[in-house]
Amino acid sequence: MLSVLALVGIAQSAEPQATVADDGLTVRYFVPHDVAAVRAVLDDTDKVYGLSEDLVSYKVEDGGRCDSIETEAPGLLSNLRMRTERCQTSETSWRDRLVSSDDFDQYEVLWTVKAVEGGTVITYHLAAELSFPVPDKVMYQQAGEAAITQLENIYRALE
């Protein structure tokens, strides 16, 4: 869990902070906007996926409490496809969870937002495992670059 001082440090940094640990990839990104504005973007599943430049295609189906999403993204040898379910888990968090895929054995993204002095810290956490042998370092490096681009696009959407 991040301390208040660590969150203030992130808020003073313009650059996203990405780390890879045993439990996956975490990217923290400060935006100078209030939580309500950030939530308005993250509440919109179609917008969140539309701001992801690394997708070949995506389709969102409103499922009531949770949305169903089919995605296709470029892989090393072929495109990666999956169906996920995206649910809001609290006022300040969302979870994208794998429903089915031939390419992934595990895939879960947790989005959280936290108010800090001068704005909001968005945290993106990915835990994933491909169904074929690719080193975690390679997978998370590619995923980290895509997540940072998506977070930068979310920031631009707030402007």
# chains A, B, ... in the order shown; residues from 1 in each chain; ligands from 1
call {"tool": "select_by_dssp", "arguments": {"residues": "chain A", "states": "helix (DSSP H, G or I)", "output": "PyMOL selection string"}}
result
chain A and resi 4-12+35-42+45-50+136-158
call {"tool": "write_last_selection", "arguments": {"atoms": "C-alpha atoms", "output": "compact mmCIF listing (two decimals), in the first residue's frame"}}
result
# COMPACT_ATOMS: atom_id res chain seq x y z
CA VAL A 4 0.61 9.50 1.55
CA LEU A 5 4.21 10.72 1.03
CA ALA A 6 4.68 8.31 -1.88
CA LEU A 7 1.44 9.53 -3.48
CA VAL A 8 2.56 13.15 -3.08
CA GLY A 9 5.85 12.16 -4.76
CA ILE A 10 3.91 10.71 -7.68
CA ALA A 11 1.79 13.86 -7.84
CA GLN A 12 4.93 15.98 -8.17
CA VAL A 35 -11.44 12.26 -8.96
CA ALA A 36 -14.94 12.95 -10.31
CA ALA A 37 -13.57 13.94 -13.73
CA VAL A 38 -11.31 10.88 -13.88
CA ARG A 39 -14.15 8.61 -12.77
CA ALA A 40 -16.34 9.97 -15.58
CA VAL A 41 -13.78 8.69 -18.11
CA LEU A 42 -13.10 5.36 -16.38
CA THR A 45 -15.93 1.25 -20.90
CA ASP A 46 -16.15 2.17 -24.57
CA LYS A 47 -14.05 5.29 -23.96
CA VAL A 48 -11.43 3.42 -21.92
CA TYR A 49 -10.96 0.81 -24.64
CA GLY A 50 -11.16 3.44 -27.37
CA ASP A 136 7.15 -12.25 -18.23
CA LYS A 137 9.71 -9.47 -18.70
CA VAL A 138 8.90 -9.24 -22.42
CA MET A 139 5.14 -9.46 -21.90
CA TYR A 140 5.08 -6.85 -19.12
CA GLN A 141 7.41 -4.50 -21.01
CA GLN A 142 5.01 -4.48 -23.97
CA ALA A 143 1.99 -4.22 -21.66
CA GLY A 144 3.62 -1.39 -19.69
CA GLU A 145 4.24 0.65 -22.83
CA ALA A 146 0.63 0.14 -23.91
CA ALA A 147 -0.69 1.04 -20.43
CA ILE A 148 1.36 4.24 -20.29
CA THR A 149 0.08 5.29 -23.73
CA GLN A 150 -3.49 4.56 -22.63
CA LEU A 151 -3.05 6.57 -19.41
CA GLU A 152 -1.59 9.48 -21.39
CA ASN A 153 -4.63 9.30 -23.68
CA ILE A 154 -6.94 9.31 -20.65
CA TYR A 155 -5.13 12.45 -19.45
CA ARG A 156 -5.64 14.09 -22.88
CA ALA A 157 -9.35 13.12 -22.77
CA LEU A 158 -9.63 15.06 -19.52
call {"tool": "residues_around", "arguments": {"residues": "Thr120 of chain A", "least_positions_apart": "2", "cutoff": "8 Å", "atoms": "only C-alpha atoms", "output": "PyMOL selection string"}}
result
chain A and resi 11+30-35+38+113-118+122
call {"tool": "residues_around", "arguments": {"residues": "Glu70 of chain A", "least_positions_apart": "4", "cutoff": "12 Å", "atoms": "only C-alpha atoms", "output": "list in words"}}
result
Thr45, Asp46, Tyr49, Leu55, Val56, Ser57, Tyr58, Lys59, Val60, Glu61, Asp62, Leu80, Arg81, Met82, Arg83, Thr84, Glu85, Arg86, Asp96, Arg97, Leu98, Val99, Ser100 and Ser101 of chain A
call {"tool": "residues_around", "arguments": {"residues": "segment 20-27 of chain A", "least_positions_apart": "2", "cutoff": "8 Å", "atoms": "only C-alpha atoms", "output": "ChimeraX atom specification"}}
result
/A:16-18,29,123-128,140,144,147-148
call {"tool": "select_by_dssp", "arguments": {"residues": "segment 11-95 of chain A", "states": "strand (DSSP E)", "output": "ChimeraX atom specification"}}
result
/A:17-21,24-31,57-63,66-73,80-90,93-95
call {"tool": "atom_distance", "arguments": {"atom1": "atom CA of Asp105 of chain A", "atom2": "atom CA of Phe132 of chain A"}}
result
8.9 Å
call {"tool": "residues_around", "arguments": {"residues": "Asp103 of chain A", "least_positions_apart": "6", "cutoff": "12 Å", "atoms": "only C-alpha atoms", "output": "list in words"}}
result
Thr71, Glu72, Ala73, Pro74, Gly75, Leu76, Leu77, Ser78, Asn79, Leu80, Arg81, Met82, Arg83, Ala128, Glu129, Leu130, Ser131, Phe132, Pro133 and Val134 of chain A
call {"tool": "atom_distance", "arguments": {"atom1": "atom CA of Glu91 of chain A", "atom2": "atom CA of Val121 of chain A"}}
result
14.5 Å
call {"tool": "atom_distance", "arguments": {"atom1": "atom CA of Cys87 of chain A", "atom2": "atom CA of Phe104 of chain A"}}
result
19.4 Å
